[in-house]
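Raw coords.cif, mmCIF, C-alpha atoms and all ligand atoms:
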data_my_file
loop_
_atom_site.label_atom_id
_atom_site.label_comp_id
_atom_site.auth_asym_id
_atom_site.auth_seq_id
_atom_site.Cartn_x
_atom_site.Cartn_y
_atom_site.Cartn_z
CA MET A 24 -22.67 5.29 -20.68
CA ALA A 25 -22.71 2.36 -23.12
CA ASP A 26 -22.02 -0.81 -21.26
CA ILE A 27 -18.73 -2.60 -21.71
CA GLY A 28 -20.21 -5.63 -19.98
CA GLY A 29 -18.91 -7.82 -17.21
CA LEU A 30 -16.56 -10.78 -17.23
CA SER A 31 -17.48 -13.94 -19.08
CA GLU A 32 -17.31 -17.17 -17.15
CA ALA A 33 -14.16 -18.15 -19.05
CA ALA A 34 -12.51 -14.81 -18.23
CA ARG A 35 -13.48 -15.22 -14.57
CA ASP A 36 -11.89 -18.68 -14.43
CA ASP A 37 -8.78 -17.42 -16.20
CA LEU A 38 -8.39 -14.51 -13.75
CA ALA A 39 -9.01 -16.76 -10.74
CA GLU A 40 -6.22 -19.01 -11.99
CA LEU A 41 -3.98 -15.97 -12.46
CA TYR A 42 -4.79 -14.87 -8.89
CA ARG A 43 -3.99 -18.29 -7.43
CA ASP A 44 -0.73 -18.35 -9.36
CA LEU A 45 0.28 -14.90 -8.09
CA HIS A 46 -0.71 -15.85 -4.55
CA ARG A 47 1.35 -19.03 -4.72
CA ASN A 48 4.40 -17.05 -5.89
CA PRO A 49 4.81 -13.96 -3.69
CA GLU A 50 7.79 -11.69 -4.34
CA PRO A 51 9.47 -9.06 -2.14
CA PRO A 52 9.50 -5.27 -2.71
CA PHE A 53 11.60 -4.52 -5.84
CA GLY A 54 11.90 -8.26 -6.44
CA GLU A 55 8.61 -8.58 -8.35
CA VAL A 56 10.34 -9.96 -11.44
CA ARG A 57 8.07 -12.91 -12.18
CA THR A 58 4.93 -10.87 -11.46
CA ALA A 59 6.10 -8.01 -13.69
CA GLY A 60 6.82 -10.51 -16.50
CA ILE A 61 3.33 -11.96 -16.28
CA VAL A 62 1.78 -8.48 -16.18
CA ALA A 63 3.76 -7.30 -19.23
CA THR A 64 2.79 -10.39 -21.25
CA ARG A 65 -0.88 -10.05 -20.36
CA LEU A 66 -1.00 -6.32 -21.13
CA ARG A 67 0.70 -6.82 -24.51
CA ARG A 68 -1.73 -9.59 -25.34
CA ALA A 69 -4.61 -7.24 -24.55
CA GLY A 70 -3.21 -4.65 -26.98
CA PHE A 71 -1.48 -2.25 -24.58
CA GLU A 72 1.82 -0.57 -25.39
CA VAL A 73 4.00 -1.81 -22.51
CA ALA A 74 7.17 -0.63 -20.76
CA THR A 75 8.93 -2.62 -18.05
CA GLY A 76 11.67 -1.91 -15.53
CA ILE A 77 10.28 1.49 -14.55
CA GLY A 78 11.61 2.43 -11.11
CA GLY A 79 13.05 -1.07 -10.71
CA THR A 80 10.38 -3.65 -11.46
CA GLY A 81 7.45 -1.36 -12.31
CA VAL A 82 5.34 -1.93 -15.42
CA ALA A 83 3.20 0.58 -17.31
CA GLY A 84 0.72 -0.19 -20.06
CA VAL A 85 -0.85 2.45 -22.29
CA LEU A 86 -4.00 2.06 -24.33
CA ARG A 87 -5.25 4.96 -26.45
CA SER A 88 -8.64 5.42 -28.03
CA GLY A 89 -8.77 8.87 -29.58
CA GLU A 90 -8.98 12.24 -27.85
CA GLY A 91 -9.91 12.36 -24.20
CA PRO A 92 -8.65 12.37 -20.65
CA THR A 93 -5.88 10.12 -19.36
CA VAL A 94 -6.98 7.84 -16.53
CA LEU A 95 -4.33 6.17 -14.39
CA LEU A 96 -5.29 2.82 -12.83
CA ARG A 97 -2.86 1.49 -10.24
CA ALA A 98 -2.10 -1.91 -8.73
CA ASP A 99 0.80 -2.79 -6.42
CA MET A 100 2.68 -6.09 -6.75
CA ASP A 101 4.80 -6.78 -3.65
CA ALA A 102 4.29 -9.30 -0.83
CA LEU A 103 5.22 -9.24 2.87
CA PRO A 104 7.87 -11.07 4.93
CA LEU A 105 5.39 -13.38 6.64
CA ALA A 106 4.78 -17.12 6.89
CA GLU A 107 1.33 -17.92 5.49
CA ARG A 108 -0.97 -19.89 7.80
CA THR A 109 -4.20 -19.85 5.77
CA GLY A 110 -3.95 -23.51 4.82
CA LEU A 111 -5.22 -22.63 1.33
CA PRO A 112 -4.29 -25.07 -1.44
CA TYR A 113 -2.63 -22.15 -3.25
CA ALA A 114 -0.79 -20.77 -0.20
CA GLY A 115 2.59 -19.20 -0.94
CA THR A 116 5.79 -21.01 0.02
CA ALA A 117 8.48 -18.68 -1.37
CA THR A 118 11.27 -17.35 0.81
CA VAL A 119 13.80 -14.58 0.38
CA ASP A 120 17.04 -13.47 2.06
CA ASP A 121 16.39 -10.37 4.15
CA ALA A 122 18.81 -7.44 4.69
CA HIS A 123 20.58 -9.40 7.46
CA GLY A 124 21.02 -12.49 5.25
CA GLU A 125 18.30 -14.39 7.07
CA ARG A 126 15.93 -16.62 5.09
CA THR A 127 12.47 -15.06 5.39
CA PRO A 128 9.13 -16.46 4.23
CA LEU A 129 6.92 -14.38 1.95
CA MET A 130 3.17 -14.03 1.78
CA HIS A 131 0.67 -11.99 -0.19
CA ALA A 132 -0.88 -10.89 3.10
CA CYS A 133 -2.03 -7.47 1.90
CA GLY A 134 -3.90 -8.66 -1.19
CA HIS A 135 -1.64 -7.04 -3.78
CA ASP A 136 -2.02 -10.23 -5.82
CA MET A 137 -5.76 -9.46 -5.97
CA HIS A 138 -5.01 -5.88 -7.07
CA VAL A 139 -2.84 -7.20 -9.92
CA ALA A 140 -5.43 -9.77 -11.08
CA CYS A 141 -8.21 -7.14 -10.97
CA LEU A 142 -6.24 -4.62 -13.02
CA ILE A 143 -5.31 -7.27 -15.61
CA GLY A 144 -9.00 -8.16 -15.89
CA ALA A 145 -9.94 -4.48 -16.22
CA ALA A 146 -7.24 -3.95 -18.87
CA ASP A 147 -8.70 -6.84 -20.89
CA LEU A 148 -12.25 -5.44 -20.69
CA LEU A 149 -11.19 -1.86 -21.48
CA ALA A 150 -9.19 -3.09 -24.48
CA ALA A 151 -12.04 -5.26 -25.77
CA GLY A 152 -14.48 -2.37 -25.34
CA ARG A 153 -12.27 0.48 -26.56
CA ASP A 154 -14.89 1.67 -29.05
CA HIS A 155 -17.06 2.62 -26.11
CA TRP A 156 -14.66 5.21 -24.70
CA ARG A 157 -12.26 7.98 -25.74
CA GLY A 158 -9.03 8.92 -24.03
CA THR A 159 -6.04 7.05 -22.67
CA VAL A 160 -5.83 4.32 -20.06
CA LEU A 161 -2.52 4.21 -18.19
CA ALA A 162 -2.31 0.93 -16.24
CA VAL A 163 0.43 1.17 -13.60
CA PHE A 164 1.76 -1.87 -11.74
CA GLN A 165 4.09 -0.57 -9.07
CA PRO A 166 6.72 -2.37 -7.02
CA ALA A 167 7.49 -1.99 -3.33
CA GLU A 168 4.36 -0.42 -1.87
CA GLU A 169 4.97 -1.97 1.54
CA ILE A 170 8.21 -0.04 1.98
CA ALA A 171 6.80 3.23 0.62
CA ALA A 172 9.28 3.26 -2.23
CA GLY A 173 7.70 1.94 -5.44
CA ALA A 174 5.42 4.82 -6.45
CA ARG A 175 8.20 7.35 -5.90
CA ALA A 176 10.67 5.17 -7.82
CA MET A 177 8.37 4.96 -10.86
CA LEU A 178 7.65 8.69 -10.81
CA GLU A 179 11.34 9.55 -10.44
CA ASP A 180 12.10 7.21 -13.33
CA GLY A 181 10.00 9.45 -15.58
CA LEU A 182 6.66 7.61 -15.65
CA TYR A 183 4.78 10.79 -16.58
CA GLU A 184 7.48 12.18 -18.88
CA ARG A 185 7.37 8.96 -20.88
CA PHE A 186 3.64 8.22 -20.88
CA GLY A 187 2.02 11.56 -20.13
CA ALA A 188 0.57 12.77 -16.85
CA PRO A 189 -2.92 11.55 -15.96
CA ASP A 190 -6.01 13.67 -15.40
CA VAL A 191 -7.07 11.45 -12.52
CA ALA A 192 -5.43 8.61 -10.56
CA LEU A 193 -7.54 5.67 -9.38
CA GLY A 194 -6.73 2.70 -7.17
CA GLN A 195 -8.37 0.16 -4.92
CA HIS A 196 -7.34 -1.97 -1.95
CA VAL A 197 -8.81 -5.17 -0.55
CA PHE A 198 -9.97 -4.91 3.06
CA PRO A 199 -11.79 -7.37 5.34
CA TYR A 200 -15.25 -6.00 4.50
CA PRO A 201 -17.85 -8.34 2.94
CA ALA A 202 -16.72 -9.49 -0.51
CA GLY A 203 -18.61 -7.83 -3.33
CA THR A 204 -18.82 -4.46 -1.58
CA LEU A 205 -17.06 -1.20 -2.49
CA LEU A 206 -16.22 1.32 0.21
CA HIS A 207 -15.63 5.04 -0.14
CA CYS A 208 -14.20 7.76 2.04
CA PRO A 209 -14.11 11.32 0.68
CA GLY A 210 -11.21 13.42 1.99
CA GLN A 211 -8.49 12.02 4.20
CA VAL A 212 -8.66 8.20 4.07
CA LEU A 213 -5.21 7.02 5.19
CA GLY A 214 -2.65 8.59 7.49
CA ALA A 215 0.95 9.56 6.85
CA THR A 216 3.66 7.33 8.33
CA GLU A 217 7.28 8.06 9.18
CA THR A 218 9.56 5.26 10.30
CA LEU A 219 12.67 6.34 12.16
CA GLU A 220 15.67 4.50 13.45
CA VAL A 221 17.16 5.93 16.63
CA ARG A 222 20.65 5.05 17.82
CA LEU A 223 21.33 5.80 21.47
CA HIS A 224 24.94 5.87 22.61
CA GLY A 225 26.01 4.77 26.07
CA LYS A 226 29.24 3.49 27.56
CA GLY A 227 29.82 -0.22 28.00
CA ALA A 228 30.97 -1.68 31.30
CA HIS A 229 31.02 -4.88 33.36
CA GLY A 230 27.58 -5.78 34.70
CA SER A 231 28.95 -5.51 38.24
CA GLN A 232 30.24 -1.96 37.73
CA PRO A 233 27.37 0.27 36.57
CA GLU A 234 29.19 3.34 37.90
CA ARG A 235 31.82 2.92 35.17
CA GLY A 236 29.32 2.84 32.33
CA ILE A 237 26.41 4.80 30.91
CA ASP A 238 23.61 2.30 30.48
CA PRO A 239 21.86 2.70 27.10
CA VAL A 240 19.18 0.21 28.20
CA VAL A 241 18.04 2.51 30.99
CA LEU A 242 18.30 5.45 28.59
CA ALA A 243 16.19 3.58 26.01
CA ALA A 244 13.61 2.69 28.68
CA ALA A 245 13.30 6.35 29.66
CA VAL A 246 12.90 7.31 26.00
CA VAL A 247 10.18 4.67 25.45
CA MET A 248 8.17 5.90 28.44
CA ARG A 249 8.62 9.57 27.67
CA LEU A 250 7.58 9.05 24.01
CA GLN A 251 4.20 7.86 25.29
CA THR A 252 3.46 11.37 26.54
CA ILE A 253 3.72 12.98 23.10
CA VAL A 254 0.32 11.82 21.84
CA SER A 255 -1.34 11.93 25.26
CA ARG A 256 0.01 15.34 26.34
CA GLU A 257 1.08 17.27 23.24
CA VAL A 258 -1.49 16.37 20.58
CA ALA A 259 -4.98 17.88 20.78
CA PRO A 260 -7.63 15.24 21.60
CA ALA A 261 -9.50 15.93 18.35
CA GLU A 262 -6.40 15.15 16.28
CA ARG A 263 -5.08 11.67 15.50
CA ALA A 264 -1.53 10.44 15.92
CA VAL A 265 0.27 7.25 16.94
CA VAL A 266 3.82 6.80 18.24
CA THR A 267 4.86 3.15 18.37
CA VAL A 268 8.23 1.78 19.38
CA ALA A 269 8.28 -1.13 16.97
CA ARG A 270 11.73 -2.49 17.71
CA LEU A 271 14.20 -2.13 20.56
CA ARG A 272 17.59 -3.79 20.61
CA ALA A 273 20.52 -3.63 23.02
CA GLY A 274 23.19 -5.91 24.42
CA HIS A 275 24.58 -9.36 23.74
CA ALA A 276 26.24 -10.74 26.86
CA GLU A 277 24.36 -11.51 30.06
CA ASN A 278 26.96 -9.84 32.32
CA THR A 279 27.73 -6.71 30.35
CA ILE A 280 26.26 -3.25 30.07
CA PRO A 281 26.14 -2.61 26.30
CA ASP A 282 27.40 0.56 24.70
CA GLU A 283 24.42 1.31 22.50
CA ALA A 284 20.72 0.70 21.99
CA THR A 285 18.76 1.06 18.76
CA MET A 286 15.06 1.50 18.34
CA THR A 287 12.69 1.77 15.41
CA LEU A 288 9.80 4.18 15.76
CA ASN A 289 6.62 4.04 13.70
CA ILE A 290 4.88 7.42 13.74
CA ARG A 291 1.49 8.10 12.19
CA ALA A 292 -0.71 11.18 11.79
CA PHE A 293 -3.39 12.52 9.48
CA SER A 294 -2.48 16.19 9.38
CA PRO A 295 0.94 17.40 8.17
CA ASP A 296 1.03 19.93 11.05
CA VAL A 297 0.48 17.19 13.62
CA MET A 298 3.11 15.00 11.94
CA ARG A 299 5.62 17.84 12.02
CA ALA A 300 4.90 18.55 15.70
CA VAL A 301 5.14 14.87 16.69
CA LEU A 302 8.43 14.39 14.83
CA ALA A 303 9.87 17.49 16.50
CA ALA A 304 8.73 16.22 19.90
CA VAL A 305 10.28 12.79 19.26
CA GLU A 306 13.62 14.36 18.43
CA ARG A 307 13.43 16.67 21.46
CA VAL A 308 12.67 13.76 23.82
CA VAL A 309 15.37 11.50 22.38
CA ARG A 310 18.04 14.22 22.60
CA ALA A 311 17.01 15.42 26.05
CA GLU A 312 16.91 11.90 27.51
CA ALA A 313 20.36 11.18 26.08
CA ALA A 314 21.64 14.37 27.67
CA ALA A 315 19.92 13.49 30.96
CA SER A 316 21.73 10.13 30.94
CA GLY A 317 25.07 11.79 30.25
CA ALA A 318 25.43 9.99 26.93
CA PRO A 319 28.94 10.37 25.51
CA ARG A 320 27.54 11.31 22.10
CA PRO A 321 24.23 12.72 20.90
CA PRO A 322 21.79 10.16 19.52
CA GLU A 323 21.40 9.65 15.76
CA LEU A 324 18.00 9.71 14.10
CA ARG A 325 17.49 8.38 10.58
CA THR A 326 14.34 8.16 8.44
CA LEU A 327 13.79 4.62 7.15
CA SER A 328 10.60 5.25 5.19
CA SER A 329 8.07 7.96 4.67
CA PHE A 330 4.48 7.52 3.44
CA PRO A 331 2.35 10.55 2.56
CA ALA A 332 -1.24 10.75 3.78
CA THR A 333 -3.82 9.53 1.26
CA TYR A 334 -6.46 12.07 0.32
CA ASN A 335 -9.53 11.31 -1.78
CA ASP A 336 -10.74 14.19 -3.91
CA PRO A 337 -14.33 14.71 -2.66
CA VAL A 338 -15.80 15.65 -6.07
CA ALA A 339 -14.18 12.73 -7.88
CA THR A 340 -15.22 10.40 -5.03
CA GLU A 341 -18.81 11.58 -5.33
CA ARG A 342 -18.80 10.78 -9.05
CA LEU A 343 -17.52 7.28 -8.32
CA VAL A 344 -20.08 6.67 -5.58
CA GLU A 345 -22.79 7.56 -8.10
CA ALA A 346 -21.29 5.38 -10.84
CA PHE A 347 -20.73 2.41 -8.50
CA THR A 348 -24.23 2.72 -7.08
CA GLY A 349 -25.63 2.69 -10.62
CA ARG A 350 -23.54 -0.32 -11.61
CA PHE A 351 -23.63 -2.45 -8.44
CA GLY A 352 -26.68 -1.18 -6.52
CA ALA A 353 -26.74 0.85 -3.31
CA GLY A 354 -26.52 -2.29 -1.15
CA ARG A 355 -22.99 -2.98 -2.36
CA VAL A 356 -21.62 0.54 -1.96
CA GLY A 357 -20.75 1.74 1.52
CA ASP A 358 -18.59 3.99 3.65
CA LEU A 359 -14.98 3.45 4.52
CA ALA A 360 -13.83 4.88 7.84
CA PRO A 361 -10.50 6.75 7.74
CA MET A 362 -7.64 4.46 8.76
CA MET A 363 -4.20 5.04 10.26
CA GLY A 364 -2.61 2.63 7.79
CA SER A 365 -0.61 4.20 4.96
CA GLU A 366 -0.11 3.87 1.22
CA ASP A 367 2.08 5.49 -1.40
CA PHE A 368 -0.76 5.54 -3.97
CA GLY A 369 -1.46 9.23 -3.28
CA LEU A 370 1.83 10.22 -4.94
CA PHE A 371 0.42 9.35 -8.38
CA GLY A 372 -2.18 12.11 -7.97
CA SER A 373 -0.04 14.66 -6.12
CA ALA A 374 2.90 14.31 -8.57
CA ALA A 375 0.63 15.50 -11.39
CA ASP A 376 -1.44 17.78 -9.16
CA VAL A 377 -4.64 15.97 -10.19
CA PRO A 378 -7.45 14.37 -8.15
CA SER A 379 -7.05 10.83 -6.97
CA VAL A 380 -9.46 8.32 -5.47
CA PHE A 381 -8.59 5.19 -3.50
CA TRP A 382 -11.51 2.95 -2.58
CA GLY A 383 -11.90 -0.21 -0.55
CA LEU A 384 -12.76 -3.56 -2.13
CA GLY A 385 -14.46 -5.97 0.27
CA ALA A 386 -12.75 -9.37 0.30
CA ALA A 387 -14.06 -11.18 3.37
CA ASP A 388 -16.11 -14.34 2.97
CA PRO A 389 -19.74 -13.20 3.37
CA ASP A 390 -20.75 -16.74 4.44
CA ARG A 391 -18.21 -16.87 7.21
CA PRO A 392 -20.02 -17.26 10.53
CA ALA A 393 -19.95 -14.02 12.48
CA ASP A 394 -18.45 -15.71 15.53
CA GLY A 395 -14.95 -14.40 15.27
CA GLU A 396 -12.80 -11.68 13.87
CA VAL A 397 -12.12 -11.80 10.14
CA PRO A 398 -8.32 -11.81 9.69
CA GLY A 399 -7.24 -8.43 8.37
CA ASN A 400 -4.48 -7.25 6.06
CA HIS A 401 -0.98 -8.31 7.16
CA SER A 402 -2.34 -11.25 9.18
CA PRO A 403 -0.80 -14.67 8.33
CA LEU A 404 -4.45 -15.80 8.07
CA PHE A 405 -5.53 -13.08 5.61
CA ALA A 406 -7.48 -14.94 2.92
CA PRO A 407 -9.63 -12.92 0.50
CA VAL A 408 -12.38 -15.00 -1.12
CA ILE A 409 -11.71 -15.07 -4.84
CA GLU A 410 -15.33 -14.51 -5.85
CA PRO A 411 -17.10 -12.16 -5.75
CA THR A 412 -14.01 -10.12 -4.84
CA LEU A 413 -12.23 -10.55 -8.17
CA SER A 414 -15.08 -9.78 -10.54
CA THR A 415 -16.22 -6.86 -8.36
CA GLY A 416 -12.70 -5.44 -8.37
CA VAL A 417 -12.40 -5.79 -12.15
CA GLU A 418 -15.76 -4.21 -12.83
CA ALA A 419 -15.13 -1.43 -10.30
CA LEU A 420 -11.93 -0.46 -12.11
CA VAL A 421 -13.68 -0.50 -15.49
CA THR A 422 -16.63 1.51 -14.14
CA ALA A 423 -14.29 3.99 -12.47
CA ALA A 424 -12.17 4.41 -15.60
CA ARG A 425 -15.29 4.90 -17.75
CA THR A 426 -16.55 7.56 -15.34
CA PHE A 427 -13.57 9.75 -16.21
CA LEU A 428 -12.89 8.70 -19.81
CA ARG A 429 -14.96 10.38 -22.52
CA THR A 430 -17.93 8.58 -24.02
CA PRO A 431 -18.24 9.01 -27.80
CA PRO A 432 -21.23 11.13 -28.89
CA ASP A 433 -23.35 8.20 -30.02
CA GLY A 434 -22.49 6.17 -26.97
CA ALA A 435 -20.78 3.37 -28.85
CA ALA A 436 -20.23 3.71 -32.61
CA ARG A 437 -17.09 2.87 -34.60
CA SER A 438 -15.93 -0.65 -34.75
ZN ZN A 501 0.14 -3.75 3.32
ZN ZN A 502 -1.44 -3.09 0.71
#

So that I can check it, write out the structure of this file as structure tokens.
Amino acid sequence: MADIGGLSEAARDDLAELYRDLHRNPEPPFGEVRTAGIVATRLRRAGFEVATGIGGTGVAGVLRSGEGPTVLLRADMDALPLAERTGLPYAGTATVDDAHGERTPLMHACGHDMHVACLIGAADLLAAGRDHWRGTVLAVFQPAEEIAAGARAMLEDGLYERFGAPDVALGQHVFPYPAGTLLHCPGQVLGATETLEVRLHGKGAHGSQPERGIDPVVLAAAVVMRLQTIVSREVAPAERAVVTVARLRAGHAENTIPDEATMTLNIRAFSPDVMRAVLAAVERVVRAEAAASGAPRPPELRTLSSFPATYNDPVATERLVEAFTGRFGAGRVGDLAPMMGSEDFGLFGSAADVPSVFWGLGAADPDRPADGEVPGNHSPLFAPVIEPTLSTGVEALVTAARTFLRTPPDGAARS
């Protein structure tokens, strides 16, 4: 494969500045307006045909270079409702009103700013080196990954009808592994997640007269304890699943039995069968405990978000491991253990019924003394080192795209 080459020092500086700017200006899911504007401008400048506003704030850029496969490269753009505590000079300070009208701080605590900067850098290199490959590059910048909504929104808004379906979908994510490394996991890499809201109905009464009420707090407590037996008693030990009660709310006054309790459940599993069984067990427990308490009405269960499991095509992964090893050396290519976290990246592959690969990009400071834990994704202290993370991420995307794009017969040719 003729070499497209790495980033020049000027390009590296420019991308580092772009990264710091994105980090300083985090935006919420479906509110990535500024980010999308920057992305669109940069893609156009590189020579991509660009469309904005796909599925809300999504951006797609297309670059064609003759006949060949279509390779989708994906970055996500949204930040998290978190107050940054990294102390970095380019720490984010933006805030946003949440669903309850409360002012909430924002932080790029999952590294999506790094994903955007890397894909912009890769788009520049692929455009500059387009004589070295044949096919189509589809650069996708999706909104709202953190709420499992952005990939679906772009697909439902006709991403593939408008730009053509890809032959392979590729994406990367920064993780607290040593910066400069690339991590692979063939097969199942991330779990599926379902988030449910459960509303339990009781009957309010004076705090001194429990016999006149039906206490939803006691009902909720019984539900919480009973839910703990699903994974421990109903899921086979070799399988993986998690049931977490992430939020539990009831009552206002100190002398009153409230009339309802609400809880948010975060449920994770790798296998669809296990997920189905766990969800059925959750519903059974919630309904049975409500009945056991004599609840005046059955409980209500509502799905808040739903992430599919992320599956890496083993053959495509193997090709990337080979290509990355050739480009970066075996010492910088490693294994990624399957994780219970979730992503909506997998939808880009499954929607077109084509292979997809999602690899890890190490972002932790390799010089950091090994005396403590490196802050991970979603920590208010999460602080990827810009280099070598950025240039590795750019070159990984270019290398991965080139692995699936066609190389012209003479390796380079035409100018
Ligand atoms: Zn995240
Ligand atoms: Zn993320």

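Proximity to Leu193 of chain A was assessed for A:Met362, A:Ile143, A:Val421, A:Ala243 counting only C-alpha atoms; the smallest distance is recorded for A:Val421.
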
At a cut-off of 7 Å, can you tabulate as a tab-separated table every residue of chain A near ligand ZN 501 (chain A) together with its closest atom pair and the distance in Å to one decimal, using only C-alpha atoms and all ligand atoms and ordering rows by chain then number?
residue	atom	partner	partner_atom	distance
A:Cys133	CA	A:ZN501	ZN	4.5
A:Glu169	CA	A:ZN501	ZN	5.4
A:Asn400	CA	A:ZN501	ZN	6.4
A:His401	CA	A:ZN501	ZN	6.1

Practice task
Tell me, as a ChimeraX atom specification, which residues lie within 12 Å of Ala244 of chain A, counting only C-alpha atoms; anything in the same chain fewer than 6 positions away does not count.
Solution key: /A:223,238,250-251,268,271-273,284-286,309,312-313,316

Closest pair table for segment 122-180 of chain A residues within 12 Å of segment 317-340 of chain A, all atoms listed in the file, as JSON lines:
{"residue": "A:Ala167", "atom": "CA", "partner": "A:Ser328", "partner_atom": "CA", "distance": 11.6}
{"residue": "A:Glu168", "atom": "CA", "partner": "A:Phe330", "partner_atom": "CA", "distance": 9.6}
{"residue": "A:Glu169", "atom": "CA", "partner": "A:Phe330", "partner_atom": "CA", "distance": 9.7}
{"residue": "A:Ile170", "atom": "CA", "partner": "A:Ser328", "partner_atom": "CA", "distance": 6.6}
{"residue": "A:Ala171", "atom": "CA", "partner": "A:Phe330", "partner_atom": "CA", "distance": 5.6}
{"residue": "A:Ala172", "atom": "CA", "partner": "A:Ser328", "partner_atom": "CA", "distance": 7.8}
{"residue": "A:Gly173", "atom": "CA", "partner": "A:Phe330", "partner_atom": "CA", "distance": 11.0}
{"residue": "A:Ala174", "atom": "CA", "partner": "A:Phe330", "partner_atom": "CA", "distance": 10.3}
{"residue": "A:Arg175", "atom": "CA", "partner": "A:Phe330", "partner_atom": "CA", "distance": 10.1}

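With distances taken over only C-alpha atoms and all ligand atoms, A:Ser365 is the one residue among A:Ser365, A:Thr252, A:Gln165, A:Gln211 lying closest to ligand ZN 502 (chain A).
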
Handout entry: Nearest residue to ligand ZN 502 (chain A) from the set A:Gly230, A:Gly210, A:Gly144, A:Gly194 (distances using only C-alpha atoms and all ligand atoms)
Key = A:Gly194

Practice task
Dig up all the protein and nucleic acid residues within 12 Å of (-3.4, 10.3, 4.3) in the file frame, using all atoms listed in the file, and format them as a ChimeraX atom specification.
Solution key: /A:208-217,263-264,291-295,298,329-336,361-370,373,379-381
